[in-house]
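Trainee: This one is work-v5.cif, mmCIF, C-alpha atoms (C1' of nucleotides).
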```cif
data_work
loop_
_atom_site.label_atom_id
_atom_site.label_comp_id
_atom_site.auth_asym_id
_atom_site.auth_seq_id
_atom_site.Cartn_x
_atom_site.Cartn_y
_atom_site.Cartn_z
CA MET Q 163 -63.85 -14.43 -154.07
CA PRO Q 164 -65.92 -14.62 -157.24
CA ARG Q 165 -69.52 -13.70 -156.78
CA ALA Q 166 -72.02 -16.52 -156.72
CA GLY Q 167 -74.57 -14.61 -158.78
CA LEU Q 168 -77.52 -15.24 -156.54
CA THR Q 169 -80.90 -13.59 -156.87
CA PRO Q 170 -84.08 -14.20 -154.90
CA ASP Q 171 -85.39 -16.33 -157.75
CA VAL Q 172 -82.28 -18.48 -157.86
CA VAL Q 173 -82.42 -18.99 -154.11
CA VAL Q 174 -86.12 -19.88 -154.12
CA GLU Q 175 -85.64 -22.29 -157.01
CA ALA Q 176 -82.76 -24.01 -155.24
CA ALA Q 177 -84.84 -24.22 -152.08
CA GLY Q 178 -87.65 -25.87 -154.02
CA ARG Q 179 -85.28 -28.43 -155.46
CA LEU Q 180 -83.85 -29.09 -152.01
CA ALA Q 181 -87.30 -29.65 -150.56
CA ASP Q 182 -88.20 -32.04 -153.37
CA GLU Q 183 -85.03 -34.06 -153.04
CA ARG Q 184 -84.51 -34.26 -149.30
CA GLY Q 185 -87.96 -33.61 -147.91
CA THR Q 186 -89.56 -30.53 -146.50
CA GLY Q 187 -88.02 -31.17 -143.10
CA ALA Q 188 -84.56 -30.80 -144.57
CA LEU Q 189 -85.30 -27.38 -146.01
CA SER Q 190 -83.01 -25.33 -143.82
CA LEU Q 191 -80.98 -22.23 -144.50
CA ALA Q 192 -77.86 -24.15 -143.56
CA ALA Q 193 -78.47 -26.88 -146.15
CA LEU Q 194 -79.51 -24.33 -148.74
CA ALA Q 195 -76.38 -22.25 -148.26
CA GLN Q 196 -74.26 -25.36 -148.65
CA VAL Q 197 -76.01 -26.33 -151.89
CA LEU Q 198 -75.50 -22.84 -153.24
CA GLY Q 199 -71.84 -22.83 -152.21
CA VAL Q 200 -72.24 -19.80 -150.03
CA ALA Q 201 -72.05 -18.91 -146.34
CA LEU Q 202 -75.36 -19.00 -144.53
CA PRO Q 203 -75.71 -15.28 -143.72
CA SER Q 204 -75.25 -14.41 -147.39
CA LEU Q 205 -78.75 -15.70 -148.04
CA TYR Q 206 -80.15 -12.79 -146.09
CA LYS Q 207 -79.17 -10.49 -148.94
CA HIS Q 208 -81.87 -12.17 -151.01
CA ILE Q 209 -84.55 -13.40 -148.62
CA GLY Q 210 -85.89 -12.21 -145.30
CA GLY Q 211 -85.28 -15.39 -143.34
CA LEU Q 212 -86.56 -18.94 -143.15
CA ASP Q 213 -90.23 -18.05 -142.89
CA ASP Q 214 -89.97 -15.69 -145.83
CA LEU Q 215 -88.17 -18.34 -147.85
CA ARG Q 216 -90.85 -20.93 -147.18
CA ARG Q 217 -93.54 -18.46 -148.13
CA ARG Q 218 -91.76 -17.67 -151.39
CA VAL Q 219 -91.28 -21.34 -152.18
CA ALA Q 220 -94.98 -21.91 -151.54
CA VAL Q 221 -96.03 -19.02 -153.75
CA ALA Q 222 -93.72 -20.13 -156.56
CA ALA Q 223 -94.98 -23.70 -156.29
CA MET Q 224 -98.61 -22.61 -156.41
CA ASP Q 225 -97.91 -20.53 -159.48
CA GLU Q 226 -96.19 -23.45 -161.18
CA LEU Q 227 -99.08 -25.70 -160.25
CA GLY Q 228 -101.59 -23.17 -161.53
CA ALA Q 229 -99.72 -22.91 -164.83
CA ALA Q 230 -99.67 -26.69 -165.20
CA LEU Q 231 -103.40 -26.86 -164.53
CA ARG Q 232 -104.10 -24.08 -167.01
CA ASP Q 233 -102.05 -25.87 -169.65
CA ALA Q 234 -103.84 -29.13 -168.97
CA ALA Q 235 -107.25 -27.52 -169.34
CA ALA Q 236 -106.37 -25.65 -172.52
CA GLY Q 237 -108.40 -26.84 -175.46
CA ARG Q 238 -110.53 -29.26 -173.47
CA SER Q 239 -113.88 -29.08 -171.76
CA GLY Q 240 -116.24 -31.08 -169.60
CA SER Q 241 -115.10 -34.36 -168.14
CA ASP Q 242 -112.18 -34.39 -170.57
CA ALA Q 243 -110.86 -31.17 -169.05
CA LEU Q 244 -111.53 -32.45 -165.57
CA ALA Q 245 -109.53 -35.61 -166.13
CA ALA Q 246 -106.62 -33.66 -167.61
CA VAL Q 247 -106.57 -31.14 -164.78
CA ALA Q 248 -106.77 -33.84 -162.15
CA ALA Q 249 -103.93 -35.78 -163.74
CA ALA Q 250 -101.81 -32.62 -164.00
CA TYR Q 251 -102.49 -31.88 -160.35
CA ARG Q 252 -101.37 -35.30 -159.21
CA ASP Q 253 -98.38 -35.31 -161.55
CA PHE Q 254 -97.19 -32.02 -160.11
CA ALA Q 255 -97.49 -33.23 -156.53
CA ILE Q 256 -95.62 -36.43 -157.32
CA ALA Q 257 -92.89 -34.66 -159.28
CA HIS Q 258 -92.49 -31.94 -156.64
CA PRO Q 259 -93.46 -33.46 -153.30
CA GLY Q 260 -91.37 -31.03 -151.27
CA ARG Q 261 -92.70 -27.90 -152.94
CA TYR Q 262 -96.22 -29.25 -152.65
CA ALA Q 263 -95.81 -30.01 -148.96
CA VAL Q 264 -94.50 -26.52 -148.33
CA THR Q 265 -97.67 -25.00 -149.77
CA GLN Q 266 -99.60 -27.03 -147.24
CA SER Q 267 -97.55 -26.03 -144.22
CA VAL Q 268 -97.49 -22.32 -144.93
CA ALA Q 269 -100.25 -20.36 -143.22
CA GLY Q 270 -102.85 -19.18 -145.70
CA ALA Q 271 -103.38 -15.94 -143.81
CA GLU Q 272 -100.53 -14.21 -145.60
CA GLU Q 273 -101.53 -11.88 -148.39
CA SER Q 274 -99.21 -13.23 -151.08
CA VAL Q 275 -99.95 -16.85 -150.21
CA ALA Q 276 -103.71 -16.39 -150.30
CA ALA Q 277 -103.44 -14.62 -153.66
CA ALA Q 278 -101.29 -17.40 -155.09
CA ALA Q 279 -103.71 -20.02 -153.82
CA ALA Q 280 -106.55 -18.19 -155.52
CA ARG Q 281 -104.59 -18.04 -158.79
CA ALA Q 282 -103.86 -21.76 -158.61
CA ALA Q 283 -107.52 -22.56 -157.95
CA GLU Q 284 -108.71 -20.52 -160.93
CA PRO Q 285 -108.27 -23.26 -163.54
CA VAL Q 286 -110.28 -25.60 -161.36
CA TYR Q 287 -113.01 -23.02 -161.21
CA ALA Q 288 -112.90 -22.61 -164.95
CA VAL Q 289 -113.34 -26.33 -165.53
CA LEU Q 290 -116.35 -26.47 -163.25
CA ARG Q 291 -117.93 -23.44 -164.84
CA GLY Q 292 -117.73 -25.59 -167.94
CA PHE Q 293 -119.97 -28.07 -166.16
CA GLY Q 294 -122.64 -25.40 -166.09
CA LEU Q 295 -122.23 -24.59 -162.42
CA SER Q 296 -122.47 -21.14 -160.85
CA GLY Q 297 -123.13 -19.43 -157.54
CA ASP Q 298 -123.04 -21.50 -154.38
CA ALA Q 299 -123.09 -24.72 -156.35
CA LEU Q 300 -119.92 -23.67 -158.12
CA ILE Q 301 -118.22 -22.88 -154.83
CA ASP Q 302 -119.30 -26.15 -153.25
CA ALA Q 303 -118.23 -28.18 -156.25
CA THR Q 304 -114.86 -26.46 -156.43
CA ARG Q 305 -114.23 -27.06 -152.76
CA THR Q 306 -115.18 -30.69 -153.19
CA LEU Q 307 -112.87 -31.15 -156.13
CA ARG Q 308 -109.96 -29.34 -154.50
CA ALA Q 309 -110.45 -31.29 -151.28
CA ALA Q 310 -110.42 -34.62 -153.10
CA LEU Q 311 -107.32 -33.81 -155.15
CA HIS Q 312 -105.45 -32.24 -152.24
CA GLY Q 313 -106.34 -35.01 -149.83
CA PHE Q 314 -105.49 -37.75 -152.29
CA VAL Q 315 -102.03 -36.52 -153.16
CA LEU Q 316 -101.20 -35.77 -149.53
CA LEU Q 317 -102.23 -39.23 -148.42
CA GLU Q 318 -100.45 -40.78 -151.37
CA THR Q 319 -97.14 -38.92 -151.03
CA GLY Q 320 -97.28 -39.20 -147.25
CA GLY Q 321 -97.61 -42.95 -147.39
CA GLY Q 322 -101.06 -42.75 -145.87
CA PHE Q 323 -102.51 -45.44 -148.06
CA GLY Q 324 -101.94 -48.94 -146.85
CA MET Q 325 -103.12 -51.81 -149.08
CA ASP Q 326 -101.14 -52.75 -152.12
CA ARG Q 327 -103.51 -51.64 -154.83
CA PRO Q 328 -101.79 -49.21 -157.22
CA THR Q 329 -102.74 -45.69 -156.19
CA GLY Q 330 -102.96 -44.52 -159.78
CA GLU Q 331 -105.90 -46.77 -160.43
CA SER Q 332 -107.67 -45.56 -157.33
CA PHE Q 333 -107.03 -42.01 -158.47
CA ASP Q 334 -108.53 -42.67 -161.88
CA ARG Q 335 -111.59 -44.19 -160.26
CA MET Q 336 -111.94 -41.22 -157.96
CA VAL Q 337 -111.71 -38.78 -160.83
CA ALA Q 338 -114.25 -40.73 -162.85
CA ALA Q 339 -116.59 -40.74 -159.87
CA LEU Q 340 -116.11 -37.01 -159.34
CA SER Q 341 -116.79 -36.40 -162.97
CA ALA Q 342 -120.10 -38.21 -162.76
CA THR Q 343 -120.95 -36.45 -159.52
CA LEU Q 344 -120.24 -33.03 -160.93
CA ALA Q 345 -122.25 -33.69 -164.06
CA ALA Q 346 -125.22 -34.45 -161.83
CA TRP Q 347 -124.49 -31.75 -159.23
CA PRO Q 348 -127.70 -30.14 -158.03
CA ALA Q 349 -127.41 -26.79 -159.79
CA ARG Q 350 -128.25 -23.55 -158.05
CA MET D 1432 -88.92 -30.24 -104.86
CA PRO D 1433 -92.22 -32.12 -105.05
CA ARG D 1434 -92.53 -34.49 -107.95
CA ALA D 1435 -94.61 -33.34 -110.87
CA GLY D 1436 -96.16 -36.76 -111.36
CA LEU D 1437 -95.53 -36.98 -115.07
CA THR D 1438 -96.05 -40.07 -117.18
CA PRO D 1439 -95.69 -40.51 -120.93
CA ASP D 1440 -99.46 -40.25 -121.26
CA VAL D 1441 -99.64 -37.02 -119.30
CA VAL D 1442 -96.85 -35.52 -121.39
CA VAL D 1443 -98.43 -36.58 -124.69
CA GLU D 1444 -101.81 -35.26 -123.64
CA ALA D 1445 -100.32 -31.89 -122.66
CA ALA D 1446 -98.46 -31.78 -125.96
CA GLY D 1447 -101.70 -32.37 -127.84
CA ARG D 1448 -103.40 -29.55 -125.97
CA LEU D 1449 -100.45 -27.28 -126.66
CA ALA D 1450 -100.58 -28.05 -130.37
CA ASP D 1451 -104.32 -27.38 -130.47
CA GLU D 1452 -104.05 -24.10 -128.65
CA ARG D 1453 -100.92 -22.55 -130.10
CA GLY D 1454 -100.51 -24.30 -133.41
CA THR D 1455 -98.37 -27.20 -134.45
CA GLY D 1456 -95.40 -24.92 -135.04
CA ALA D 1457 -95.38 -23.97 -131.37
CA LEU D 1458 -95.13 -27.57 -130.23
CA SER D 1459 -91.63 -27.48 -128.77
CA LEU D 1460 -90.10 -29.24 -125.83
CA ALA D 1461 -89.31 -25.86 -124.31
CA ALA D 1462 -92.92 -24.71 -124.39
CA LEU D 1463 -94.15 -28.10 -123.22
CA ALA D 1464 -91.80 -28.14 -120.23
CA GLN D 1465 -92.98 -24.69 -119.25
CA VAL D 1466 -96.63 -25.72 -119.43
CA LEU D 1467 -95.91 -28.75 -117.28
CA GLY D 1468 -93.93 -26.71 -114.77
CA VAL D 1469 -90.80 -28.74 -115.25
CA ALA D 1470 -87.30 -28.22 -116.61
CA LEU D 1471 -86.85 -29.21 -120.24
CA PRO D 1472 -84.48 -32.15 -119.76
CA SER D 1473 -86.93 -33.77 -117.35
CA LEU D 1474 -89.16 -34.59 -120.31
CA TYR D 1475 -86.56 -37.07 -121.52
CA LYS D 1476 -87.50 -39.33 -118.64
CA HIS D 1477 -90.83 -39.91 -120.36
CA ILE D 1478 -90.29 -39.46 -124.07
CA GLY D 1479 -87.39 -40.06 -126.42
CA GLY D 1480 -87.15 -36.58 -127.83
CA LEU D 1481 -89.10 -34.22 -130.07
CA ASP D 1482 -89.57 -36.66 -132.93
CA ASP D 1483 -90.76 -39.36 -130.58
CA LEU D 1484 -93.16 -36.93 -128.92
CA ARG D 1485 -94.66 -35.91 -132.25
CA ARG D 1486 -95.08 -39.53 -133.21
CA ARG D 1487 -96.82 -40.31 -129.96
CA VAL D 1488 -99.10 -37.30 -130.29
CA ALA D 1489 -99.98 -38.43 -133.82
CA VAL D 1490 -100.74 -41.98 -132.72
CA ALA D 1491 -102.86 -40.79 -129.81
CA ALA D 1492 -104.75 -38.40 -132.06
CA MET D 1493 -105.44 -41.09 -134.64
CA ASP D 1494 -106.74 -43.39 -131.94
CA GLU D 1495 -109.02 -40.67 -130.60
CA LEU D 1496 -110.22 -39.94 -134.11
CA GLY D 1497 -110.83 -43.61 -134.78
CA ALA D 1498 -112.84 -43.93 -131.58
CA ALA D 1499 -114.94 -40.90 -132.51
CA LEU D 1500 -115.62 -42.38 -135.94
CA ARG D 1501 -116.54 -45.74 -134.47
CA ASP D 1502 -118.94 -44.09 -132.04
CA ALA D 1503 -120.51 -42.08 -134.83
CA ALA D 1504 -121.07 -45.15 -136.97
CA ALA D 1505 -122.52 -47.22 -134.14
CA GLY D 1506 -126.12 -48.13 -134.75
CA ARG D 1507 -126.31 -46.57 -138.19
CA SER D 1508 -125.86 -47.81 -141.70
CA GLY D 1509 -125.75 -46.65 -145.30
CA SER D 1510 -125.80 -42.95 -146.05
CA ASP D 1511 -126.90 -42.26 -142.50
CA ALA D 1512 -123.71 -43.82 -141.17
CA LEU D 1513 -121.65 -42.04 -143.81
CA ALA D 1514 -123.03 -38.65 -142.84
CA ALA D 1515 -122.43 -39.30 -139.16
CA VAL D 1516 -118.87 -40.48 -139.71
CA ALA D 1517 -118.07 -37.56 -141.98
CA ALA D 1518 -119.44 -35.09 -139.46
CA ALA D 1519 -117.49 -36.71 -136.65
CA TYR D 1520 -114.33 -36.55 -138.73
CA ARG D 1521 -114.70 -32.86 -139.41
CA ASP D 1522 -115.71 -32.11 -135.83
CA PHE D 1523 -112.59 -33.80 -134.57
CA ALA D 1524 -110.33 -31.86 -136.91
CA ILE D 1525 -111.94 -28.57 -135.96
CA ALA D 1526 -111.86 -29.30 -132.24
CA HIS D 1527 -108.26 -30.54 -132.38
CA PRO D 1528 -106.55 -28.75 -135.26
CA GLY D 1529 -103.09 -29.12 -133.79
CA ARG D 1530 -103.35 -32.83 -133.09
CA TYR D 1531 -104.83 -33.35 -136.54
CA ALA D 1532 -102.05 -31.41 -138.23
CA VAL D 1533 -99.44 -33.44 -136.39
CA THR D 1534 -100.86 -36.66 -137.81
CA GLN D 1535 -100.35 -35.18 -141.25
CA SER D 1536 -96.75 -34.07 -140.72
CA VAL D 1537 -95.53 -37.32 -139.20
CA ALA D 1538 -94.03 -39.76 -141.69
CA GLY D 1539 -96.28 -42.74 -142.25
CA ALA D 1540 -93.33 -45.08 -142.59
CA GLU D 1541 -93.10 -45.67 -138.85
CA GLU D 1542 -94.59 -48.90 -137.61
CA SER D 1543 -96.74 -47.47 -134.82
CA VAL D 1544 -97.98 -44.60 -136.97
CA ALA D 1545 -98.98 -46.83 -139.86
CA ALA D 1546 -100.80 -49.17 -137.49
CA ALA D 1547 -102.67 -46.27 -135.88
CA ALA D 1548 -103.62 -44.91 -139.29
CA ALA D 1549 -105.00 -48.30 -140.24
CA ARG D 1550 -107.01 -48.45 -137.00
CA ALA D 1551 -108.45 -44.99 -137.63
CA ALA D 1552 -109.40 -45.92 -141.19
CA GLU D 1553 -111.23 -49.06 -140.11
CA PRO D 1554 -114.56 -47.39 -139.30
CA VAL D 1555 -114.51 -45.77 -142.73
CA TYR D 1556 -113.99 -49.18 -144.25
CA ALA D 1557 -116.83 -50.58 -142.23
CA VAL D 1558 -119.24 -47.92 -143.45
CA LEU D 1559 -118.34 -48.57 -147.06
CA ARG D 1560 -118.69 -52.29 -146.67
CA GLY D 1561 -122.21 -51.39 -145.66
CA PHE D 1562 -122.64 -49.89 -149.12
CA GLY D 1563 -122.10 -53.35 -150.54
CA LEU D 1564 -118.56 -52.69 -151.72
CA SER D 1565 -115.70 -55.16 -151.63
CA GLY D 1566 -112.35 -55.92 -153.27
CA ASP D 1567 -110.72 -53.20 -155.34
CA ALA D 1568 -113.92 -51.17 -155.42
CA LEU D 1569 -113.88 -51.03 -151.64
CA ILE D 1570 -110.28 -49.87 -151.60
CA ASP D 1571 -110.89 -47.22 -154.23
CA ALA D 1572 -114.00 -45.95 -152.52
CA THR D 1573 -112.29 -45.79 -149.14
CA ARG D 1574 -109.38 -43.88 -150.60
CA THR D 1575 -111.77 -41.49 -152.27
CA LEU D 1576 -113.69 -40.87 -149.09
CA ARG D 1577 -110.60 -40.47 -146.94
CA ALA D 1578 -109.05 -38.12 -149.48
CA ALA D 1579 -112.14 -35.94 -149.60
CA LEU D 1580 -112.48 -35.73 -145.82
CA HIS D 1581 -108.77 -35.23 -145.21
CA GLY D 1582 -108.40 -32.64 -147.95
CA PHE D 1583 -111.47 -30.74 -146.91
CA VAL D 1584 -110.54 -30.33 -143.26
CA LEU D 1585 -106.95 -29.45 -144.11
CA LEU D 1586 -108.01 -26.77 -146.55
CA GLU D 1587 -110.63 -25.53 -144.12
CA THR D 1588 -108.46 -25.36 -141.01
CA GLY D 1589 -105.52 -24.05 -143.03
CA GLY D 1590 -107.55 -21.16 -144.37
CA GLY D 1591 -107.25 -22.53 -147.88
CA PHE D 1592 -110.82 -21.71 -148.81
CA GLY D 1593 -111.34 -18.18 -150.01
CA MET D 1594 -114.90 -17.07 -150.76
CA ASP D 1595 -117.24 -16.26 -147.95
CA ARG D 1596 -119.65 -19.15 -148.24
CA PRO D 1597 -119.92 -21.03 -144.92
CA THR D 1598 -117.67 -24.05 -145.15
CA GLY D 1599 -120.12 -26.22 -143.23
CA GLU D 1600 -122.65 -25.99 -146.03
CA SER D 1601 -120.05 -26.89 -148.61
CA PHE D 1602 -119.09 -29.86 -146.45
CA ASP D 1603 -122.66 -31.07 -146.24
CA ARG D 1604 -123.00 -30.81 -149.98
CA MET D 1605 -119.78 -32.72 -150.48
CA VAL D 1606 -120.88 -35.50 -148.17
CA ALA D 1607 -124.26 -35.73 -149.88
CA ALA D 1608 -122.53 -35.95 -153.24
CA LEU D 1609 -120.15 -38.61 -151.97
CA SER D 1610 -123.05 -40.55 -150.58
CA ALA D 1611 -124.76 -40.59 -153.95
CA THR D 1612 -121.50 -41.45 -155.68
CA LEU D 1613 -120.80 -44.36 -153.37
CA ALA D 1614 -124.30 -45.73 -153.72
CA ALA D 1615 -123.73 -45.86 -157.47
CA TRP D 1616 -120.07 -46.94 -157.30
CA PRO D 1617 -119.28 -49.44 -160.04
CA ALA D 1618 -119.04 -52.55 -157.92
CA ARG D 1619 -116.26 -55.05 -158.47
"C1'" DC I 307 -58.63 4.82 -167.64
"C1'" DA I 308 -59.31 5.76 -162.74
"C1'" DC I 309 -62.80 6.44 -159.12
"C1'" DT I 310 -66.45 5.55 -156.64
"C1'" DC I 311 -70.11 3.56 -154.62
"C1'" DG I 312 -73.84 0.12 -154.35
"C1'" DT I 313 -74.13 -4.55 -153.53
"C1'" DG I 314 -73.09 -9.31 -152.56
"C1'" DG I 315 -70.28 -11.73 -150.19
"C1'" DC I 316 -67.77 -12.65 -145.66
"C1'" DT I 317 -66.58 -13.36 -140.33
"C1'" DA I 318 -67.89 -12.85 -135.71
"C1'" DA I 319 -71.00 -13.02 -132.25
"C1'" DC I 320 -75.68 -13.92 -130.02
"C1'" DT I 321 -79.96 -16.45 -128.98
"C1'" DC I 322 -82.58 -20.19 -128.43
"C1'" DA I 323 -84.02 -25.13 -128.92
"C1'" DA I 324 -82.68 -29.95 -128.63
"C1'" DC I 325 -80.11 -33.06 -126.58
"C1'" DT I 326 -76.53 -35.49 -123.22
"C1'" DA I 327 -74.11 -36.34 -118.92
"C1'" DG I 328 -74.16 -36.93 -114.55
"C1'" DC I 329 -75.80 -35.51 -109.82
"C1'" DT I 330 -79.55 -35.31 -106.15
"C1'" DT I 331 -83.59 -36.47 -104.02
"C1'" DT I 332 -88.00 -38.49 -103.59
"C1'" DG I 333 -90.85 -41.93 -101.94
"C1'" DC I 334 -92.20 -46.82 -102.44
"C1'" DG I 335 -91.17 -51.84 -101.22
"C1'" DG I 336 -88.96 -54.80 -98.30
"C1'" DC Z 464 -86.04 -47.83 -91.17
"C1'" DC Z 465 -83.39 -48.36 -95.17
"C1'" DG Z 466 -82.14 -48.93 -100.01
"C1'" DC Z 467 -82.64 -48.11 -104.55
"C1'" DA Z 468 -85.04 -47.19 -108.96
"C1'" DA Z 469 -86.89 -43.44 -110.97
"C1'" DA Z 470 -87.86 -38.57 -111.52
"C1'" DG Z 471 -86.30 -34.47 -111.19
"C1'" DC Z 472 -82.38 -31.05 -111.50
"C1'" DT Z 473 -78.05 -28.14 -113.26
"C1'" DA Z 474 -74.48 -27.67 -116.48
"C1'" DG Z 475 -72.73 -27.96 -120.82
"C1'" DT Z 476 -72.57 -29.17 -126.09
"C1'" DT Z 477 -74.25 -28.81 -130.65
"C1'" DG Z 478 -76.39 -26.75 -134.36
"C1'" DA Z 479 -79.82 -23.55 -136.61
"C1'" DG Z 480 -81.35 -18.88 -137.31
"C1'" DT Z 481 -80.43 -14.17 -137.03
"C1'" DT Z 482 -77.96 -9.62 -136.64
"C1'" DA Z 483 -74.08 -6.49 -137.11
"C1'" DG Z 484 -70.70 -4.77 -139.38
"C1'" DC Z 485 -66.59 -5.25 -142.52
"C1'" DC Z 486 -64.57 -5.78 -147.28
"C1'" DA Z 487 -63.99 -6.60 -152.12
"C1'" DC Z 488 -66.01 -6.95 -156.63
"C1'" DG Z 489 -67.22 -4.70 -160.62
"C1'" DA Z 490 -70.48 -1.60 -163.21
"C1'" DG Z 491 -71.22 3.02 -164.44
"C1'" DT Z 492 -69.33 7.68 -164.74
"C1'" DG Z 493 -66.24 11.66 -165.24
#
```
Please re-express this file's structure in structure tokens.
Mentor:
Amino acid sequence: MPRAGLTPDVVVEAAGRLADERGTGALSLAALAQVLGVALPSLYKHIGGLDDLRRRVAVAAMDELGAALRDAAAGRSGSDALAAVAAAYRDFAIAHPGRYAVTQSVAGAEESVAAAAARAAEPVYAVLRGFGLSGDALIDATRTLRAALHGFVLLETGGGFGMDRPTGESFDRMVAALSATLAAWPAR
Amino acid sequence: MPRAGLTPDVVVEAAGRLADERGTGALSLAALAQVLGVALPSLYKHIGGLDDLRRRVAVAAMDELGAALRDAAAGRSGSDALAAVAAAYRDFAIAHPGRYAVTQSVAGAEESVAAAAARAAEPVYAVLRGFGLSGDALIDATRTLRAALHGFVLLETGGGFGMDRPTGESFDRMVAALSATLAAWPAR
DNA sequence: CACTCGTGGCTAACTCAACTAGCTTTGCGG
DNA sequence: CCGCAAAGCTAGTTGAGTTAGCCACGAGTG
């Protein structure tokens, strides 16, 4: 039997792909083992179990998302940066719906997950600092922006929007509105 | 053996309570049967299985939420109505975190679920019509508002907000900002 | 070049949840 | 009082996750 050459990273990556392609409900150790061409118990040499796997997928996804947001913000500022970050956020969620959904379903109480969430939120913070916000106003504005982005992509990918208006246009309008709101946010 | 007097409604209600109290991950037929003092297979006389149960819980929760929103909006208009509806939305999600989470995890493709979602969104629509919006602007504004509310309560109940600022204050600020944004929404 | 030993794979076996089949009994309507 | 639909049950199957413990690959060393 030739070795399959698995590592935790390989397993987590495959799990992310599986979640994206077949939905987060289909992310099982059984399906994952089959995709990797390996017997199910072999996975335990690389991960601690299903819960551990989901946590790792969530952490990896948040780090990827954070990197995409950082890249989008690079070299921009103000409403320009905001629009780029928002678009990158939505693009990531649409390109990786399974990974994104896993981040939502994993409890935030875990140390590694909370840290990853904080890292992913950093670029958002940075953009809003660029709007001249600080202190409580910065926290409130960041929460508002994160809530709007998170809620929008969840509703969109979950089919929560009825109506037949293209969601992309609604998203652009929302981002424009947020941009105006943040520019006029009551500072301090 | 005396009959337990179950009906689909009783079962769904108990499932909702179970989800609220022990988390959506603990919503299993096994746990539900135990709570109801009945053997597991007996549940199949009232529901079609776990998926069906989750769908019913989601529909019931959306209807309760919709009723709460309608009540909150009654007799108010403009930003007053918006604030009341937003508060009612968040109160519901905090009081019934399990039920709320189930609505999120159930696929929106199902007929009954989509219809319930539309019913729950109606009061939000009504409030925004009161802001003088219509057509695409109304759709965009409703999506924005729903996204913000949905995202906020999910992040809040999921522990997604770090920082130690009270989330209620951030919520109030967000709603105030949304109110201003909607009043100035580019009509048509 | 042989040996060895850590590691990554395996099979076997267990638990527990969901579901199905089919039996029993309750208790309401005639 | 009786019959029968419905509501409960026990028993048994399937399939996922998990644990235990065995074995073979292959890298590093003498």
Trainee: Restrict the distance test to only C-alpha atoms (C1' of nucleotides), flag each residue of chain D within 8 Å of chain I, and return the flagged residues as a PDB file with C-alpha atoms, keeping the file's coordinate frame.
Mentor:
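Output (iface26.pdb):
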```pdb
ATOM      1  CA  PRO D1433     -92.220 -32.120-105.050  1.00  0.00           C
ATOM      2  CA  ARG D1434     -92.530 -34.490-107.950  1.00  0.00           C
ATOM      3  CA  SER D1459     -91.630 -27.480-128.770  1.00  0.00           C
ATOM      4  CA  LEU D1460     -90.100 -29.240-125.830  1.00  0.00           C
ATOM      5  CA  ALA D1461     -89.310 -25.860-124.310  1.00  0.00           C
ATOM      6  CA  GLY D1480     -87.150 -36.580-127.830  1.00  0.00           C
ATOM      7  CA  LEU D1481     -89.100 -34.220-130.070  1.00  0.00           C
TER       8      LEU D1481
END
```
Trainee: Apply the PyMOL selection byres ((chain Q and resi 267-283) around 6) to the structure shown and report the selected residues as a ChimeraX atom specification.
Mentor: /Q:221,224,228,264-266,284-286 /D:1590-1591
Trainee: Generate a file of the selected residues that holds C-alpha atoms, formatted as a compact mmCIF listing (two decimals), in the coordinates of the input.
Mentor:
```
# COMPACT_ATOMS: atom_id res chain seq x y z
CA VAL Q 221 -96.03 -19.02 -153.75
CA MET Q 224 -98.61 -22.61 -156.41
CA GLY Q 228 -101.59 -23.17 -161.53
CA VAL Q 264 -94.50 -26.52 -148.33
CA THR Q 265 -97.67 -25.00 -149.77
CA GLN Q 266 -99.60 -27.03 -147.24
CA GLU Q 284 -108.71 -20.52 -160.93
CA PRO Q 285 -108.27 -23.26 -163.54
CA VAL Q 286 -110.28 -25.60 -161.36
CA GLY D 1590 -107.55 -21.16 -144.37
CA GLY D 1591 -107.25 -22.53 -147.88
```
Trainee: Written as a list in words, what is the full residue list that the PyMOL selection byres ((chain D) within 9 of (chain Z)) yields on the file shown?
Mentor: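 Residues picked by the PyMOL selection byres ((chain D) within 9 of (chain Z)): Met1432, Pro1433, Arg1434, Ala1435, Gly1436, Leu1437, Val1469, Ala1470, Pro1472, Ser1473 and Lys1476 of chain D.
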Trainee: What does the distance between CA of Tyr251 (chain Q) and CA of Leu1559 (chain D) come to in Å, to one decimal place?
Mentor: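 Distance reported for this atom pair: 26.6 Å.
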Trainee: Here's the selection I'm unsure about, the PyMOL selection byres ((chain D) within 6 of (chain Q)); applied to the file above, which residues does it give, as a ChimeraX atom specification?
Mentor: /D:1539,1571,1575,1578-1579,1581-1583,1590-1591,1601,1605
Trainee: Taking 4 positions as the minimum chain separation for residues in the same chain, which residues sit within 8 Å of Val173 (chain Q) when counting only C-alpha atoms (C1' of nucleotides)? Answer as a PDB file with C-alpha atoms, keeping the file's coordinate frame.
Mentor:
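Okay, this is what ended up in result05.pdb:
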```pdb
ATOM      1  CA  LEU Q 168     -77.520 -15.240-156.540  1.00  0.00           C
ATOM      2  CA  THR Q 169     -80.900 -13.590-156.870  1.00  0.00           C
ATOM      3  CA  ALA Q 177     -84.840 -24.220-152.080  1.00  0.00           C
ATOM      4  CA  LEU Q 198     -75.500 -22.840-153.240  1.00  0.00           C
ATOM      5  CA  LEU Q 205     -78.750 -15.700-148.040  1.00  0.00           C
ATOM      6  CA  HIS Q 208     -81.870 -12.170-151.010  1.00  0.00           C
TER       7      HIS Q 208
END
```
Trainee: Quick one: residues within 8 Å of Leu1449 (chain D), all atoms listed in the file, excluding same-chain residues fewer than 3 positions away - as a list in words?
Mentor: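 My list of contacting residues is Ala1445, Ala1446, Glu1452, Arg1453, Gly1454, Ala1457, Leu1458, Leu1463 and Gly1529 of chain D.
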